[in-house]
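Below is protein_9.txt, holding compact mmCIF, C-alpha atoms.
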# COMPACT_ATOMS: atom_id res chain seq x y z
CA MET A 1116 0.00 0.00 0.00
CA ILE A 1117 2.75 2.45 0.98
CA LEU A 1118 4.83 1.49 -2.08
CA ASN A 1119 1.84 2.11 -4.35
CA LYS A 1120 1.33 5.53 -2.81
CA ILE A 1121 5.01 6.37 -3.36
CA LYS A 1122 4.81 5.21 -6.99
CA ASN A 1123 1.64 7.21 -7.58
CA GLU A 1124 3.28 10.29 -6.06
CA LYS A 1125 6.34 9.87 -8.29
CA THR A 1126 4.12 9.42 -11.35
CA LYS A 1127 2.21 12.60 -10.47
CA ASN A 1128 5.46 14.52 -10.07
CA ILE A 1129 6.79 13.26 -13.41
CA LEU A 1130 3.52 14.16 -15.18
CA LYS A 1131 3.60 17.56 -13.51
CA ARG A 1132 7.14 18.19 -14.76
CA ILE A 1133 6.22 17.08 -18.28
CA TYR A 1134 3.21 19.41 -18.15
CA HIS A 1135 5.47 22.32 -17.16
CA LEU A 1136 7.90 21.51 -19.96
CA LEU A 1137 5.02 21.49 -22.45
CA LEU A 1138 3.86 24.87 -21.15
CA VAL A 1139 7.34 26.31 -21.72
CA LEU A 1140 7.40 24.92 -25.27
CA ILE A 1141 3.87 26.20 -26.04
CA GLY A 1142 4.71 29.63 -24.63
CA THR A 1143 7.94 29.74 -26.63
CA PHE A 1144 6.08 28.82 -29.83
CA ILE A 1145 3.44 31.54 -29.27
CA LEU A 1146 6.26 34.05 -28.69
CA ALA A 1147 7.95 33.00 -31.95
CA PHE A 1148 4.60 33.08 -33.80
CA ALA A 1149 3.85 36.62 -32.59
CA ASN A 1150 7.25 37.90 -33.67
CA ALA A 1151 7.26 36.02 -37.00
CA PHE A 1152 3.83 37.14 -38.25
CA PHE A 1153 2.98 40.35 -36.38
CA LEU A 1154 6.15 42.23 -35.44
CA VAL A 1155 9.09 41.20 -37.65
CA PRO A 1156 7.46 41.53 -41.14
CA PHE A 1157 6.15 45.00 -40.24
CA ASN A 1158 9.40 46.07 -38.52
CA ILE A 1159 7.57 46.81 -35.27
CA ILE A 1160 10.31 47.34 -32.69
CA SER A 1161 8.93 46.80 -29.19
CA GLY A 1162 12.29 46.08 -27.57
CA GLY A 1163 13.97 42.79 -26.70
CA ILE A 1164 16.20 40.71 -28.93
CA SER A 1165 13.60 40.70 -31.71
CA GLY A 1166 13.86 44.50 -31.90
CA ILE A 1167 17.65 44.28 -32.01
CA GLY A 1168 17.39 41.70 -34.79
CA ILE A 1169 15.07 43.96 -36.82
CA ILE A 1170 17.47 46.90 -36.53
CA PHE A 1171 20.53 44.92 -37.67
CA SER A 1172 18.61 43.21 -40.48
CA GLU A 1173 17.42 46.61 -41.77
CA LEU A 1174 21.07 47.69 -41.80
CA GLY A 1175 21.76 44.71 -44.05
CA ILE A 1176 23.64 42.70 -41.42
CA LEU A 1177 22.30 39.13 -41.52
CA THR A 1178 18.61 38.27 -41.13
CA VAL A 1179 16.31 38.60 -38.12
CA ASP A 1180 16.17 34.88 -37.31
CA ILE A 1181 19.97 34.49 -37.54
CA TRP A 1182 20.31 37.31 -35.02
CA GLN A 1183 17.97 35.43 -32.68
CA TYR A 1184 20.37 32.47 -32.67
CA ILE A 1185 23.34 34.75 -32.02
CA LEU A 1186 21.65 36.79 -29.28
CA CYS A 1187 19.85 33.90 -27.54
CA TRP A 1188 22.93 31.70 -27.29
CA GLY A 1189 25.32 34.59 -26.72
CA LEU A 1190 23.33 35.96 -23.79
CA PHE A 1191 22.78 32.44 -22.45
CA LEU A 1192 26.53 31.77 -22.36
CA ILE A 1193 27.28 35.17 -20.82
CA GLY A 1194 24.59 34.59 -18.19
CA SER A 1195 25.99 31.13 -17.44
CA LEU A 1196 29.47 32.55 -16.87
CA ILE A 1197 28.37 35.50 -14.72
CA LEU A 1198 25.20 34.27 -13.00
CA GLY A 1199 25.95 30.53 -13.00
CA PHE A 1200 24.54 27.71 -15.11
CA LYS A 1201 21.88 26.81 -12.51
CA PHE A 1202 20.42 30.30 -12.81
CA THR A 1203 20.20 30.21 -16.62
CA LEU A 1204 18.97 26.60 -16.73
CA ASN A 1205 15.34 27.68 -16.78
CA THR A 1206 16.03 29.64 -20.00
CA LEU A 1207 17.57 26.65 -21.79
CA LEU A 1208 14.40 25.37 -23.47
CA SER A 1209 13.49 28.80 -24.85
CA THR A 1210 17.10 29.38 -25.89
CA ILE A 1211 17.05 26.17 -27.93
CA PHE A 1212 13.56 26.30 -29.44
CA TYR A 1213 12.71 30.01 -29.84
CA PRO A 1214 15.15 30.70 -32.72
CA ILE A 1215 14.26 27.34 -34.31
CA PHE A 1216 10.52 28.10 -34.20
CA LEU A 1217 11.13 31.62 -35.54
CA SER A 1218 13.27 30.35 -38.44
CA ILE A 1219 10.64 27.79 -39.43
CA LEU A 1220 7.85 30.38 -39.33
CA VAL A 1221 9.61 33.20 -41.23
CA ARG A 1222 11.14 30.88 -43.82
CA THR A 1223 7.96 29.05 -44.84
CA PRO A 1224 5.62 30.17 -47.67
CA VAL A 1225 2.63 29.33 -45.44
CA GLY A 1226 3.25 32.52 -43.48
CA THR A 1227 2.78 34.75 -46.53
CA ASN A 1228 -0.99 34.15 -46.54
CA LEU A 1229 -1.39 35.35 -42.95
CA VAL A 1230 0.76 38.44 -43.45
CA ASP A 1231 -1.13 39.26 -46.67
CA LEU A 1232 -4.33 39.11 -44.62
CA LEU A 1233 -2.88 41.48 -42.00
CA TYR A 1234 -1.68 43.85 -44.73
CA GLY A 1235 -5.08 43.82 -46.40
CA GLN A 1236 -3.84 42.89 -49.87
CA GLU A 1237 -2.84 39.74 -51.68
CA GLY A 1238 0.65 39.08 -52.96
CA VAL A 1239 2.42 41.72 -50.87
CA THR A 1240 4.74 39.21 -49.19
CA GLN A 1241 7.33 36.82 -50.50
CA ILE A 1242 10.31 34.83 -49.33
CA ILE A 1243 13.47 36.85 -50.03
CA GLU A 1244 16.80 35.18 -49.18
CA GLY A 1245 14.84 32.64 -47.19
CA VAL A 1246 13.03 35.19 -44.99
CA LEU A 1247 9.40 36.35 -45.03
CA THR A 1248 9.46 39.90 -46.44
CA ILE A 1249 6.86 42.53 -47.36
CA ASN A 1250 7.17 43.35 -51.05
CA ALA A 1251 4.89 46.36 -51.35
CA GLU A 1252 4.67 50.10 -50.97
CA PRO A 1253 5.86 51.55 -47.64
CA LEU A 1254 3.52 50.63 -44.81
CA ASN A 1255 2.29 54.07 -43.74
CA ASP A 1256 -1.20 53.05 -42.58
CA ALA A 1257 -0.93 53.92 -38.87
CA GLY A 1258 -4.33 52.41 -38.06
CA ARG A 1259 -3.49 49.02 -39.52
CA LEU A 1260 -0.04 49.07 -37.93
CA LEU A 1261 -1.57 49.92 -34.57
CA ILE A 1262 -3.98 46.95 -34.73
CA ILE A 1263 -1.17 44.62 -35.78
CA SER A 1264 1.06 45.85 -32.95
CA LEU A 1265 -1.74 45.36 -30.40
CA PHE A 1266 -2.27 41.76 -31.47
CA GLY A 1267 1.48 41.16 -31.66
CA GLY A 1268 2.13 42.60 -28.21
CA SER A 1269 -0.77 40.62 -26.74
CA LEU A 1270 0.52 37.35 -28.18
CA VAL A 1271 4.08 38.07 -27.03
CA GLY A 1272 2.74 38.70 -23.52
CA LEU A 1273 0.63 35.53 -23.71
CA GLY A 1274 3.65 33.47 -24.76
CA CYS A 1275 5.85 34.92 -22.02
CA GLY A 1276 3.13 34.42 -19.39
CA ILE A 1277 2.59 30.76 -20.32
CA THR A 1278 6.37 30.22 -20.27
CA PHE A 1279 6.58 31.75 -16.78
CA ILE A 1280 3.70 29.57 -15.53
CA GLY A 1281 5.65 26.53 -16.75
CA GLY A 1282 8.62 27.61 -14.63
CA GLY A 1283 10.70 28.72 -17.59
CA SER A 1284 12.06 32.03 -18.80
CA THR A 1285 12.40 33.55 -22.24
CA GLY A 1286 15.92 34.76 -21.46
CA GLY A 1287 17.09 37.46 -23.87
CA VAL A 1288 17.48 40.93 -22.39
CA ASP A 1289 16.22 39.60 -19.04
CA ILE A 1290 19.66 38.04 -18.59
CA ILE A 1291 21.29 41.44 -19.11
CA SER A 1292 18.90 42.90 -16.53
CA PHE A 1293 19.86 40.27 -13.95
CA ILE A 1294 23.57 40.90 -14.60
CA ILE A 1295 23.15 44.67 -14.14
CA ASN A 1296 21.08 44.06 -11.01
CA LYS A 1297 23.84 41.87 -9.59
CA TYR A 1298 26.45 44.63 -9.72
CA THR A 1299 24.31 47.76 -9.29
CA SER A 1300 21.35 49.01 -7.28
CA PHE A 1301 19.02 49.07 -10.32
CA SER A 1302 15.96 46.86 -10.06
CA ILE A 1303 15.41 44.12 -12.66
CA SER A 1304 12.16 45.67 -13.93
CA ALA A 1305 13.84 49.07 -14.31
CA CYS A 1306 16.76 47.54 -16.20
CA THR A 1307 14.44 45.67 -18.57
CA PHE A 1308 12.42 48.81 -19.24
CA ILE A 1309 15.56 50.87 -19.92
CA ILE A 1310 17.03 48.26 -22.29
CA ASP A 1311 13.77 47.93 -24.25
CA ALA A 1312 13.47 51.72 -24.40
CA ILE A 1313 17.04 52.01 -25.73
CA VAL A 1314 16.28 49.47 -28.48
CA VAL A 1315 13.17 51.40 -29.57
CA VAL A 1316 14.94 54.79 -29.46
CA VAL A 1317 17.90 53.47 -31.47
CA GLY A 1318 15.48 52.29 -34.16
CA LEU A 1319 13.81 55.72 -34.27
CA ILE A 1320 17.15 57.54 -34.42
CA LEU A 1321 18.41 55.34 -37.25
CA ASP A 1322 15.26 56.06 -39.22
CA LEU A 1323 15.75 59.81 -38.79
CA CYS A 1324 19.47 59.71 -39.60
CA MET A 1325 19.21 57.26 -42.52
CA PRO A 1326 15.88 57.99 -44.23
CA GLY A 1327 17.13 56.69 -47.55
CA GLU A 1328 17.64 53.21 -46.17
CA PHE A 1329 14.99 53.09 -43.48
CA GLY A 1330 12.12 55.47 -44.16
CA GLU A 1331 11.50 54.72 -47.83
CA THR A 1332 11.59 50.96 -47.48
CA SER A 1333 10.11 50.06 -44.15
CA SER A 1334 8.56 53.06 -42.38
CA LEU A 1335 10.62 52.05 -39.37
CA PHE A 1336 9.92 55.33 -37.59
CA LEU A 1337 6.16 54.75 -37.61
CA ALA A 1338 6.66 51.11 -36.69
CA GLY A 1339 8.87 52.20 -33.80
CA LEU A 1340 6.16 54.45 -32.44
CA VAL A 1341 3.53 51.72 -32.47
CA GLY A 1342 6.19 49.39 -31.05
CA ILE A 1343 6.09 51.43 -27.84
CA ILE A 1344 2.37 50.72 -27.56
CA SER A 1345 3.02 47.05 -28.33
CA ALA A 1346 5.52 46.89 -25.44
CA PHE A 1347 2.94 48.26 -22.99
CA VAL A 1348 0.31 45.78 -24.24
CA CYS A 1349 2.84 42.97 -23.82
CA SER A 1350 3.46 43.92 -20.16
CA PHE A 1351 -0.29 44.09 -19.53
CA ALA A 1352 -0.81 40.65 -21.09
CA ILE A 1353 1.97 39.10 -19.00
CA ASP A 1354 0.37 40.52 -15.86
CA LYS A 1355 -3.04 39.13 -16.79
CA VAL A 1356 -1.83 35.69 -17.87
CA TYR A 1357 0.86 35.02 -15.27
CA THR A 1358 0.21 37.20 -12.23
CA THR A 1359 -3.60 37.14 -12.25
CA SER A 1360 -3.69 33.37 -12.75
CA ASN A 1361 -1.92 32.95 -9.41
CA LYS A 1362 -3.92 35.46 -7.38
CA SER A 1363 -5.80 34.40 -4.27
CA TYR A 1364 -7.70 36.36 -1.65
CA ILE A 1365 -6.99 36.97 2.02
CA CYS A 1366 -10.20 37.81 3.84
CA ASP A 1367 -10.22 39.27 7.39
CA ILE A 1368 -13.62 39.19 9.10
CA ILE A 1369 -14.31 40.89 12.43
CA THR A 1370 -17.48 39.12 13.47
CA ASP A 1371 -19.63 37.94 16.34
CA LYS A 1372 -20.14 34.57 14.64
CA PRO A 1373 -16.66 33.10 14.17
CA ASN A 1374 -17.81 29.51 14.78
CA GLU A 1375 -20.45 29.62 12.04
CA ILE A 1376 -17.99 31.10 9.54
CA THR A 1377 -15.30 28.55 10.43
CA GLU A 1378 -17.77 25.69 10.08
CA TYR A 1379 -18.81 26.94 6.63
CA VAL A 1380 -15.20 27.30 5.47
CA ASN A 1381 -14.33 23.80 6.71
CA ARG A 1382 -17.44 22.17 5.26
CA GLU A 1383 -18.09 24.02 1.99
CA LEU A 1384 -14.65 25.24 0.93
CA ASP A 1385 -12.62 22.40 2.46
CA ARG A 1386 -10.26 24.98 3.92
CA SER A 1387 -9.35 26.18 7.37
CA THR A 1388 -9.37 29.50 9.18
CA THR A 1389 -7.11 31.41 11.55
CA ILE A 1390 -8.81 33.08 14.51
CA PHE A 1391 -7.41 36.17 16.27
CA THR A 1392 -8.52 38.16 19.28
CA VAL A 1393 -8.40 41.85 18.36
CA VAL A 1394 -9.12 45.06 20.25
CA GLY A 1395 -11.00 48.01 18.73
CA GLY A 1396 -8.92 51.18 18.73
CA TYR A 1397 -11.89 53.40 19.54
CA THR A 1398 -14.17 51.20 21.66
CA LYS A 1399 -11.34 49.24 23.35
CA GLN A 1400 -13.61 46.22 23.15
CA GLU A 1401 -12.32 42.76 22.36
CA LYS A 1402 -13.53 41.23 19.11
CA THR A 1403 -12.85 38.04 17.17
CA MET A 1404 -11.28 38.19 13.72
CA VAL A 1405 -11.41 35.24 11.32
CA ARG A 1406 -8.89 35.05 8.49
CA ILE A 1407 -9.57 32.95 5.39
CA VAL A 1408 -7.35 32.39 2.36
CA PHE A 1409 -9.18 31.19 -0.74
CA SER A 1410 -8.92 31.13 -4.52
CA ARG A 1411 -10.41 33.71 -6.87
CA ARG A 1412 -13.24 31.39 -7.99
CA GLU A 1413 -14.45 31.10 -4.35
CA TYR A 1414 -14.73 34.86 -3.85
CA ILE A 1415 -18.48 35.16 -4.57
CA LYS A 1416 -19.31 32.16 -2.35
CA VAL A 1417 -17.47 33.65 0.65
CA LYS A 1418 -18.83 37.15 0.08
CA ASP A 1419 -22.46 35.96 -0.17
CA PHE A 1420 -22.20 33.69 2.87
CA ILE A 1421 -20.74 36.42 5.09
CA ALA A 1422 -23.46 38.84 3.99
CA GLU A 1423 -26.07 36.22 4.88
CA ILE A 1424 -24.68 34.95 8.21
CA ASP A 1425 -23.43 38.27 9.63
CA PRO A 1426 -24.31 41.38 7.60
CA ASN A 1427 -22.81 43.59 10.35
CA ALA A 1428 -19.37 41.99 10.10
CA PHE A 1429 -16.43 44.21 9.19
CA VAL A 1430 -14.79 42.52 6.19
CA THR A 1431 -11.64 43.33 4.19
CA TYR A 1432 -10.46 41.52 1.08
CA THR A 1433 -6.84 41.62 -0.04
CA GLN A 1434 -5.51 40.12 -3.24
CA SER A 1435 -2.45 37.97 -2.72
CA GLN A 1436 -0.12 37.36 -5.63
CA PHE A 1437 1.08 33.94 -4.49
CA VAL A 1438 -0.03 31.52 -1.77
CA HIS A 1439 1.92 28.36 -1.00
CA GLY A 1440 1.06 25.57 1.42
CA GLU A 1441 -1.66 23.04 2.15
CA GLY A 1442 -4.67 23.51 -0.11
CA PHE A 1443 -2.67 25.66 -2.51
CA LYS A 1444 0.45 25.33 -4.63
CA LYS A 1445 3.21 23.41 -2.91
CA SER A 1446 6.19 25.48 -1.75
CA GLU A 1447 9.20 24.86 -3.97
CA SER A 1448 12.66 26.33 -4.14
CA SER A 1449 13.23 28.81 -6.98
CA LYS A 1450 16.21 26.68 -7.93
CA THR A 1451 13.87 23.79 -8.69
CA ASN A 1452 12.33 23.62 -12.15
CA SER A 1453 11.22 21.06 -14.68
CA LEU A 1454 14.63 20.68 -16.26
CA THR A 1455 16.39 20.04 -12.95
CA GLU A 1456 13.77 17.46 -11.98
CA VAL A 1457 14.14 15.63 -15.31
CA LYS A 1458 17.91 15.72 -14.87
CA LYS A 1459 17.58 14.19 -11.39
CA LEU A 1460 15.29 11.50 -12.77
CA ILE A 1461 17.81 10.63 -15.53
CA ASN A 1462 20.63 10.43 -12.95
CA LYS A 1463 18.54 8.11 -10.77
CA ILE A 1464 17.90 5.79 -13.73
CA LYS A 1465 21.62 5.78 -14.58
CA ASN A 1466 22.56 4.98 -10.98
CA ARG A 1467 20.06 2.10 -10.89
CA LYS A 1468 21.47 0.67 -14.13
CA GLU A 1469 25.01 0.91 -12.79
CA LYS A 1470 23.98 -0.88 -9.58
CA ASP A 1471 22.17 -3.58 -11.55
CA GLY A 1472 25.24 -4.00 -13.78
CA LYS A 1473 27.45 -4.54 -10.74

Would you mind giving the structure from this file in structure tokens?
Amino acid sequence: MILNKIKNEKTKNILKRIYHLLLVLIGTFILAFANAFFLVPFNIISGGISGIGIIFSELGILTVDIWQYILCWGLFLIGSLILGFKFTLNTLLSTIFYPIFLSILVRTPVGTNLVDLLYGQEGVTQIIEGVLTINAEPLNDAGRLLIISLFGGSLVGLGCGITFIGGGSTGGVDIISFIINKYTSFSISACTFIIDAIVVVVGLILDLCMPGEFGETSSLFLAGLVGIISAFVCSFAIDKVYTTSNKSYICDIITDKPNEITEYVNRELDRSTTIFTVVGGYTKQEKTMVRIVFSRREYIKVKDFIAEIDPNAFVTYTQSQFVHGEGFKKSESSKTNSLTEVKKLINKIKNRKEKDGK
């Protein structure tokens, strides 16, 4: 019986790790899809390594997807040397598959149909030197560009959010941000914002300084402006997909019926409560406060029950970004991720085979 429970627990853990790995791969593919069909063909620079790739490709130095290989692996190696391989391990999957996905998507004729649809005309795209390219008049329609950038930024945020939920990281300029944070007092979010802003500004400056190469062929200046909006949409999407999906509520109830509330929480929500004795600052009277932690989907149930059982209760609701422990997500070290667990599993299998061989 005990052995079966242990085996079932191991199976659940393995399936959980596989699920997380799949989430990282799905998120990475969505990120590549957004860049390949919404941002790169229209030269929308919203920061990150894709923006850097667009700038260098417009200068005639290699293609966008080749720059993704160079930047992804270059930053990964730099991060491994400075931050340690364990730290960059959670970016390994994205480092491997993101440039591969992007190359497949921008170098396939299938993508031309989608980009033609976004452009609003047929036959405006073709594969030039193996890369999906717009072959039409300069794209000066700000309205269409704005819509494309909104969808592109949303999908980039969706891809990043799913990758984060899977315990992975997209790497890229985030690695630079962590390196700067290690040696300075700048926060990681501030560093990322500054780097992305620099990428966008450089694209705008190049367009102004080199109109013959940039403005007449790609409207990079206009694309850079809508790229700023795309970056904000991306941040919003990440917050909604990743942060909001983990939110729970902490509810503090000062009530005269703590036993009834606790019984309801135990019976209906299958959760527990914490009970405090508190003193009113004005009345100096002792009261009982019940604290409940519950998921977002249980909010209406708790709210309606409290209103019914004790309408005079003083209730406060606080959103909590993360809750770990019994009844919620298990507490895990930030050093633990799907790749490290798979690596441990492989080592265990190897050790067993070596023992069996002896």

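As for atom CA of A:Leu1232 and atom CA of A:Pro1156, they are spaced 12.5 Å apart.
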
inquiry  = So that I can see what lies close to stretch 1424-1433 of chain A, please list as an MDAnalysis selection string the residues with an atom at most 12 Å from it, counting all atoms listed in the file and leaving out residues fewer than 6 positions away in the same chain.
reply    = chainID A and resid 1362:1379 1395 1402:1411 1414:1415 1417:1418

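The coordinates place atom CA of A:Ser1300 at 28.6 Å from atom CA of A:Gln1434.
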
task = Name the closest residue to A:Leu1217 among the candidates A:Asn1381, A:Ser1345, A:Asn1150, A:Ser1292; distances are taken between atoms, counting only C-alpha atoms.
result = A:Asn1150

query = Could you work out how far atom CA of A:Ile1263 lies from atom CA of A:Thr1223, giving the answer in Å with one decimal?
reply = 20.2 Å
